[in-house]
$ cat input_22.txt   # compact mmCIF, C-alpha atoms
# COMPACT_ATOMS: atom_id res chain seq x y z
CA MET G 1 -39.67 -29.74 -46.79
CA ASN G 2 -42.76 -31.93 -47.10
CA ILE G 3 -43.89 -33.78 -44.01
CA ALA G 4 -46.59 -36.06 -42.66
CA VAL G 5 -47.79 -35.56 -39.08
CA VAL G 6 -49.29 -38.52 -37.20
CA THR G 7 -50.70 -38.27 -33.68
CA GLY G 8 -51.26 -41.32 -31.51
CA ALA G 9 -48.29 -42.77 -33.39
CA SER G 10 -46.92 -45.05 -30.69
CA SER G 11 -49.51 -47.84 -31.04
CA GLY G 12 -52.67 -49.11 -32.71
CA ILE G 13 -54.17 -47.33 -35.67
CA GLY G 14 -51.82 -44.38 -35.33
CA LYS G 15 -48.76 -46.61 -35.61
CA GLU G 16 -50.18 -48.29 -38.70
CA PHE G 17 -50.77 -44.87 -40.24
CA VAL G 18 -47.07 -44.07 -39.75
CA PHE G 19 -46.21 -47.03 -41.96
CA ARG G 20 -48.71 -45.88 -44.60
CA ALA G 21 -47.34 -42.33 -44.46
CA ASP G 22 -43.90 -43.82 -45.05
CA LYS G 23 -45.15 -44.93 -48.47
CA PHE G 24 -46.99 -41.68 -49.23
CA GLU G 25 -45.62 -39.88 -52.26
CA GLY G 26 -43.61 -36.71 -51.74
CA ILE G 27 -42.93 -37.04 -48.00
CA ASP G 28 -39.47 -36.15 -46.63
CA GLN G 29 -40.13 -36.53 -42.90
CA ILE G 30 -42.78 -38.05 -40.67
CA TRP G 31 -43.42 -36.20 -37.42
CA VAL G 32 -44.74 -38.79 -34.98
CA ILE G 33 -46.56 -37.52 -31.89
CA ALA G 34 -47.43 -39.43 -28.72
CA ARG G 35 -46.51 -39.52 -25.05
CA ARG G 36 -44.02 -42.42 -25.19
CA LYS G 37 -40.84 -41.14 -26.85
CA GLU G 38 -39.08 -44.51 -26.76
CA ARG G 39 -41.83 -46.07 -28.88
CA LEU G 40 -41.69 -43.15 -31.32
CA THR G 41 -37.94 -43.54 -31.68
CA GLU G 42 -38.34 -47.26 -32.42
CA LEU G 43 -40.46 -46.43 -35.48
CA ALA G 44 -37.33 -45.32 -37.34
CA GLN G 45 -36.27 -48.98 -37.55
CA SER G 46 -39.32 -49.82 -39.67
CA CYS G 47 -39.53 -46.73 -41.90
CA THR G 48 -37.55 -45.47 -44.87
CA ARG G 49 -38.43 -41.80 -44.37
CA GLN G 50 -36.87 -39.76 -41.60
CA ILE G 51 -38.83 -40.13 -38.36
CA VAL G 52 -39.01 -37.06 -36.12
CA PRO G 53 -40.23 -38.05 -32.63
CA VAL G 54 -42.32 -35.38 -30.89
CA ALA G 55 -43.14 -36.56 -27.37
CA LEU G 56 -46.33 -34.75 -26.34
CA ASP G 57 -49.45 -35.52 -24.36
CA LEU G 58 -51.95 -33.68 -26.51
CA ALA G 59 -54.51 -33.65 -23.70
CA ALA G 60 -52.13 -31.60 -21.54
CA ASP G 61 -52.19 -27.81 -21.52
CA GLY G 62 -49.56 -26.23 -23.74
CA SER G 63 -48.87 -29.29 -25.89
CA VAL G 64 -50.36 -27.93 -29.11
CA GLU G 65 -48.49 -24.66 -28.52
CA LYS G 66 -45.23 -26.65 -28.50
CA TYR G 67 -46.25 -28.22 -31.80
CA GLU G 68 -46.98 -24.76 -33.20
CA ALA G 69 -43.52 -23.60 -32.13
CA LEU G 70 -41.92 -26.50 -34.01
CA LEU G 71 -43.90 -25.62 -37.12
CA ALA G 72 -42.88 -21.97 -36.87
CA ALA G 73 -39.23 -22.95 -36.55
CA GLU G 74 -39.18 -25.51 -39.41
CA LYS G 75 -41.83 -24.03 -41.73
CA PRO G 76 -42.66 -27.32 -43.46
CA CYS G 77 -45.44 -28.12 -45.88
CA ILE G 78 -47.76 -30.61 -44.17
CA ARG G 79 -48.78 -32.89 -47.00
CA LEU G 80 -50.64 -35.25 -44.67
CA LEU G 81 -52.03 -34.67 -41.18
CA ILE G 82 -53.39 -37.77 -39.44
CA ASN G 83 -55.13 -37.23 -36.10
CA ALA G 84 -55.23 -40.73 -34.62
CA ALA G 85 -54.71 -39.95 -30.92
CA GLY G 86 -57.69 -40.90 -28.82
CA CYS G 87 -59.01 -42.70 -25.76
CA GLY G 88 -62.32 -43.79 -24.28
CA TYR G 89 -63.97 -45.59 -21.40
CA PHE G 90 -66.86 -48.02 -21.10
CA GLY G 91 -69.27 -48.12 -18.18
CA PRO G 92 -72.14 -46.20 -16.54
CA PHE G 93 -71.67 -42.45 -16.65
CA SER G 94 -72.99 -42.16 -13.08
CA GLU G 95 -70.03 -44.24 -11.87
CA CYS G 96 -67.34 -42.79 -14.11
CA ASP G 97 -64.12 -41.03 -13.18
CA ILE G 98 -65.04 -37.56 -14.43
CA LYS G 99 -61.40 -36.52 -14.79
CA ALA G 100 -60.80 -39.47 -17.09
CA GLN G 101 -63.86 -38.51 -19.13
CA GLU G 102 -62.68 -34.90 -19.34
CA ASN G 103 -59.34 -36.18 -20.59
CA CYS G 104 -61.18 -38.22 -23.21
CA LEU G 105 -62.95 -35.10 -24.46
CA LYS G 106 -59.73 -33.09 -24.49
CA LEU G 107 -57.82 -35.70 -26.48
CA ASN G 108 -60.56 -36.86 -28.84
CA THR G 109 -62.02 -33.47 -29.73
CA ILE G 110 -60.28 -30.38 -28.37
CA ALA G 111 -56.75 -31.53 -29.22
CA LEU G 112 -57.86 -32.78 -32.64
CA VAL G 113 -59.50 -29.44 -33.45
CA ALA G 114 -56.44 -27.55 -32.20
CA MET G 115 -54.08 -29.73 -34.26
CA CYS G 116 -56.08 -29.02 -37.40
CA ARG G 117 -56.07 -25.28 -36.77
CA ALA G 118 -52.35 -25.19 -35.97
CA SER G 119 -51.52 -27.19 -39.11
CA LEU G 120 -53.64 -25.38 -41.68
CA PRO G 121 -51.26 -22.41 -42.19
CA TYR G 122 -48.71 -25.00 -43.37
CA MET G 123 -51.02 -26.77 -45.81
CA GLU G 124 -51.84 -25.97 -49.43
CA ALA G 125 -53.73 -27.42 -52.39
CA GLY G 126 -53.13 -31.15 -52.61
CA CYS G 127 -52.66 -31.63 -48.86
CA SER G 128 -54.93 -33.89 -46.80
CA ILE G 129 -56.27 -34.31 -43.26
CA ILE G 130 -57.39 -37.67 -41.84
CA ASN G 131 -59.29 -37.55 -38.56
CA VAL G 132 -59.94 -40.84 -36.80
CA GLY G 133 -63.51 -41.07 -35.55
CA SER G 134 -65.46 -44.22 -34.73
CA ASN G 135 -68.50 -46.24 -35.65
CA SER G 136 -69.84 -44.82 -32.36
CA ALA G 137 -70.15 -41.46 -34.11
CA TRP G 138 -73.39 -42.41 -35.83
CA GLN G 139 -75.66 -42.86 -32.81
CA PRO G 140 -75.76 -42.23 -29.04
CA VAL G 141 -74.04 -45.12 -27.23
CA PRO G 142 -75.19 -45.85 -23.67
CA TYR G 143 -72.36 -46.94 -21.35
CA GLN G 144 -69.96 -45.37 -23.82
CA SER G 145 -71.66 -41.99 -23.72
CA VAL G 146 -68.75 -39.55 -23.57
CA TYR G 147 -66.60 -41.45 -26.06
CA GLY G 148 -69.47 -41.75 -28.54
CA ALA G 149 -70.33 -38.07 -28.20
CA SER G 150 -66.69 -37.08 -28.72
CA LYS G 151 -66.49 -39.13 -31.92
CA ALA G 152 -69.78 -37.71 -33.19
CA ALA G 153 -68.15 -34.30 -32.81
CA VAL G 154 -65.12 -35.49 -34.78
CA LEU G 155 -67.32 -36.67 -37.64
CA SER G 156 -69.36 -33.46 -37.76
CA PHE G 157 -66.28 -31.27 -37.48
CA SER G 158 -64.43 -33.17 -40.23
CA ARG G 159 -67.35 -32.89 -42.63
CA ALA G 160 -67.79 -29.18 -41.94
CA ILE G 161 -64.16 -28.13 -42.35
CA GLY G 162 -63.88 -30.45 -45.35
CA ARG G 163 -66.53 -28.35 -47.06
CA GLU G 164 -64.79 -25.12 -46.03
CA LEU G 165 -61.39 -26.30 -47.27
CA LYS G 166 -62.59 -27.84 -50.52
CA PRO G 167 -62.15 -24.61 -52.55
CA LYS G 168 -58.54 -24.47 -51.29
CA GLY G 169 -57.84 -27.97 -52.54
CA ILE G 170 -57.29 -29.42 -49.05
CA HIS G 171 -59.12 -32.72 -48.58
CA VAL G 172 -60.54 -33.86 -45.23
CA MET G 173 -61.63 -37.42 -44.46
CA CYS G 174 -63.01 -38.96 -41.26
CA VAL G 175 -62.24 -42.62 -40.54
CA CYS G 176 -65.05 -44.40 -38.69
CA PRO G 177 -63.95 -47.96 -37.83
CA GLY G 178 -65.92 -50.62 -36.00
CA TRP G 179 -64.39 -52.91 -33.37
CA ILE G 180 -60.58 -52.78 -33.56
CA LYS G 181 -58.13 -54.88 -31.54
CA THR G 182 -55.71 -52.36 -29.99
CA GLU G 183 -54.48 -51.25 -26.56
CA PHE G 184 -57.57 -49.02 -26.45
CA GLN G 185 -59.75 -51.97 -25.49
CA ALA G 186 -57.79 -52.79 -22.34
CA VAL G 187 -57.66 -49.17 -21.18
CA ALA G 188 -61.39 -48.75 -21.86
CA GLU G 189 -62.23 -51.87 -19.77
CA HIS G 190 -63.86 -53.43 -22.81
CA ASP G 191 -64.07 -56.98 -21.46
CA ARG G 192 -65.79 -55.83 -18.27
CA TYR G 193 -68.71 -54.10 -19.98
CA ILE G 194 -68.97 -55.33 -23.59
CA LYS G 195 -70.53 -58.76 -24.09
CA TYR G 196 -71.19 -58.75 -27.84
CA VAL G 197 -68.94 -57.89 -30.77
CA ASP G 198 -70.07 -58.80 -34.27
CA ARG G 199 -66.56 -58.77 -35.76
CA TRP G 200 -63.05 -57.63 -34.90
CA TYR G 201 -60.84 -55.82 -37.41
CA GLY G 202 -57.12 -55.10 -37.26
CA PRO G 203 -55.62 -51.59 -37.14
CA ASP G 204 -53.66 -52.45 -40.28
CA GLU G 205 -56.92 -53.13 -42.13
CA VAL G 206 -58.32 -49.77 -41.00
CA ALA G 207 -55.23 -47.91 -42.24
CA ASP G 208 -55.19 -49.77 -45.57
CA GLN G 209 -58.85 -48.98 -46.23
CA ALA G 210 -58.35 -45.36 -45.19
CA MET G 211 -55.50 -44.80 -47.63
CA LYS G 212 -57.54 -46.33 -50.46
CA ASP G 213 -60.47 -44.09 -49.60
CA LEU G 214 -58.20 -41.05 -49.33
CA ALA G 215 -56.89 -41.72 -52.83
CA ALA G 216 -60.53 -41.89 -54.00
CA LYS G 217 -61.22 -38.53 -52.28
CA LYS G 218 -63.88 -39.96 -50.01
CA THR G 219 -64.95 -37.84 -47.04
CA VAL G 220 -65.70 -40.82 -44.78
CA SER G 221 -63.85 -44.14 -44.61
CA ILE G 222 -65.64 -47.18 -43.20
CA LEU G 223 -63.97 -50.59 -43.14
CA GLY G 224 -66.11 -53.66 -43.75
CA ALA G 225 -69.42 -54.27 -45.49
CA PRO G 226 -71.19 -55.21 -42.19
CA VAL G 227 -70.17 -51.90 -40.62
CA ARG G 228 -71.28 -49.95 -43.69
CA ARG G 229 -74.66 -51.72 -43.61
CA GLN G 230 -75.03 -50.90 -39.93
CA VAL G 231 -74.29 -47.22 -40.58
CA LYS G 232 -76.94 -47.08 -43.30
CA LEU G 233 -79.46 -48.84 -41.07
CA VAL G 234 -79.09 -46.61 -38.01
CA LYS G 235 -79.71 -43.54 -40.14
CA HIS G 236 -83.26 -44.78 -40.75
CA LEU G 237 -84.18 -46.27 -37.37
CA PRO G 238 -85.53 -44.29 -34.39
CA VAL G 239 -82.74 -43.35 -31.98
CA ASP G 240 -84.45 -45.06 -29.03
CA MET G 241 -84.67 -48.30 -31.00
CA VAL G 242 -80.98 -48.17 -31.89
CA MET G 243 -80.02 -47.64 -28.24
CA ASN G 244 -82.34 -50.41 -27.10
CA ILE G 245 -80.79 -52.85 -29.57
CA TRP G 246 -77.30 -51.91 -28.41
CA CYS G 247 -78.22 -52.40 -24.73
CA LYS G 248 -79.89 -55.75 -25.44
CA GLN G 249 -76.81 -56.97 -27.31
CA GLN G 250 -74.63 -56.11 -24.32
CA GLY G 251 -77.03 -57.57 -21.74
CA ILE G 252 -77.71 -54.14 -20.25
CA GLU G 253 -81.12 -53.09 -18.94
$ encode --input "input_22.txt" --output "structure tokens"
Amino acid sequence: MNIAVVTGASSGIGKEFVFRADKFEGIDQIWVIARRKERLTELAQSCTRQIVPVALDLAADGSVEKYEALLAAEKPCIRLLINAAGCGYFGPFSECDIKAQENCLKLNTIALVAMCRASLPYMEAGCSIINVGSNSAWQPVPYQSVYGASKAAVLSFSRAIGRELKPKGIHVMCVCPGWIKTEFQAVAEHDRYIKYVDRWYGPDEVADQAMKDLAAKKTVSILGAPVRRQVKLVKHLPVDMVMNIWCKQQGIE
């Protein structure tokens, strides 16, 4: 049995990836993972492949072990693993809820790493992993410090394991989108702290670009020419200058 596994599948980019996985060649089932089972169940109404809801909070202890148990019982071939679960918070680190930030790190990095490791025994040549990072991965981001650091880890990790898995024929790609309109923004208190956004993109656009880039065997997927130019630019500018520009854009001292 060939399956796709999508985390963060109940909304936003993850939900859009479910619809793209539904069109992916050679998939029998799509295992959709998120906390809200009712939303996962609703996905079956919009997909032609069999949807298997797996209600898990990947930031909670024992969740990945439950996923591993399902894999051991079903023994599928994971043709496509998409790690789209994530969260983040804007604001001064000195005023943050540290438990919320710890949860961000657990979900964005630790759970993603654990999902990759648990899935690899069920992957073979021709299988693929998509890890959702962020445009924040390319530079330190004041007032978004923990989120940016977690996504930098996702990018570095994806590139490293991609090189390790290349001889086995397993392809790894990191998706690094810019500003995306999803539920994430409300949870992160975007409107309270962010004053400047150059351009909004839709989660559907991110997923479409990612699937095109996956077909082209790219290791990083970046939607939008302005975002790609920004990524190239920050690689050549001093880090302090990049952070100063960001703070000035947001009206932060």
$ closest_residue --input "input_22.txt" --among "G:Pro140, G:Gly8, G:Gly14, G:Pro76" --to "Ala111 in chain G" --atoms "all atoms listed in the file"
G:Gly8
$ residues_around --input "input_22.txt" --residues "Phe19 in chain G" --least-positions-apart "2" --cutoff "9 Å" --atoms "only C-alpha atoms" --output "CSV table (one decimal) with C-alpha atoms, keeping the file's coordinate frame"
chain,number,residue,atom,x,y,z
G,15,LYS,CA,-48.8,-46.6,-35.6
G,16,GLU,CA,-50.2,-48.3,-38.7
G,17,PHE,CA,-50.8,-44.9,-40.2
G,21,ALA,CA,-47.3,-42.3,-44.5
G,22,ASP,CA,-43.9,-43.8,-45.0
G,23,LYS,CA,-45.2,-44.9,-48.5
G,43,LEU,CA,-40.5,-46.4,-35.5
G,46,SER,CA,-39.3,-49.8,-39.7
G,47,CYS,CA,-39.5,-46.7,-41.9
$ closest_residue --input "input_22.txt" --among "G:Pro203, G:Pro53, G:Gly251, G:Pro226" --to "Ser11 in chain G" --atoms "only C-alpha atoms"
G:Pro203
$ residues_near_point --input "input_22.txt" --point "(-55.1, -26.8, -49.0)" --cutoff "10 Å" --atoms "only C-alpha atoms" --output "PyMOL selection string"
chain G and resi 78-79+120-129+165-172
$ residues_around --input "input_22.txt" --residues "Met211 in chain G" --least-positions-apart "5" --cutoff "9 Å" --atoms "all atoms listed in the file" --output "PyMOL selection string"
chain G and resi 17+20+206+216+221
$ residues_around --input "input_22.txt" --residues "Gln101 in chain G" --least-positions-apart "3" --cutoff "9 Å" --atoms "only C-alpha atoms" --output "compact mmCIF listing (two decimals) with C-alpha atoms, keeping the file's coordinate frame"
# COMPACT_ATOMS: atom_id res chain seq x y z
CA GLY G 88 -62.32 -43.79 -24.28
CA TYR G 89 -63.97 -45.59 -21.40
CA CYS G 96 -67.34 -42.79 -14.11
CA ASP G 97 -64.12 -41.03 -13.18
CA ILE G 98 -65.04 -37.56 -14.43
CA CYS G 104 -61.18 -38.22 -23.21
CA LEU G 105 -62.95 -35.10 -24.46
CA LYS G 106 -59.73 -33.09 -24.49
CA VAL G 146 -68.75 -39.55 -23.57
CA TYR G 147 -66.60 -41.45 -26.06
$ atom_distance --input "input_22.txt" --atom1 "CA of Trp138 in chain G" --atom2 "CA of Val234 in chain G"
7.4 Å
$ residues_around --input "input_22.txt" --residues "Ile27 in chain G" --least-positions-apart "5" --cutoff "7 Å" --atoms "all atoms listed in the file" --output "short mmCIF file (atom, residue, chain, number, x, y, z; two decimals) with C-alpha atoms, in the frame of the given file"
data_model
loop_
_atom_site.label_atom_id
_atom_site.label_comp_id
_atom_site.auth_asym_id
_atom_site.auth_seq_id
_atom_site.Cartn_x
_atom_site.Cartn_y
_atom_site.Cartn_z
CA ASN G 2 -42.76 -31.93 -47.10
CA ILE G 3 -43.89 -33.78 -44.01
CA ALA G 4 -46.59 -36.06 -42.66
#
$ atom_distance --input "input_22.txt" --atom1 "CA of Ala152 in chain G" --atom2 "CA of Ser136 in chain G"
7.2 Å
$ atom_distance --input "input_22.txt" --atom1 "CA of Leu80 in chain G" --atom2 "CA of Ala34 in chain G"
16.8 Å
$ closest_residue --input "input_22.txt" --among "G:Asn244, G:Ser150, G:Asn135, G:Gln144" --to "Glu102 in chain G" --atoms "all atoms listed in the file"
G:Ser150
$ residues_around --input "input_22.txt" --residues "Arg228 in chain G" --least-positions-apart "4" --cutoff "12 Å" --atoms "all atoms listed in the file" --output "PyMOL selection string"
chain G and resi 135+138+176-178+220-224+232-235
$ residues_near_point --input "input_22.txt" --point "(-81.7, -50.1, -32.0)" --cutoff "12 Å" --atoms "all atoms listed in the file" --output "ChimeraX atom specification"
/G:138-142,230-231,233-249
$ closest_residue --input "input_22.txt" --among "G:Asn131, G:Ser156, G:Gln250, G:Thr41" --to "Gly86 in chain G" --atoms "only C-alpha atoms"
G:Asn131
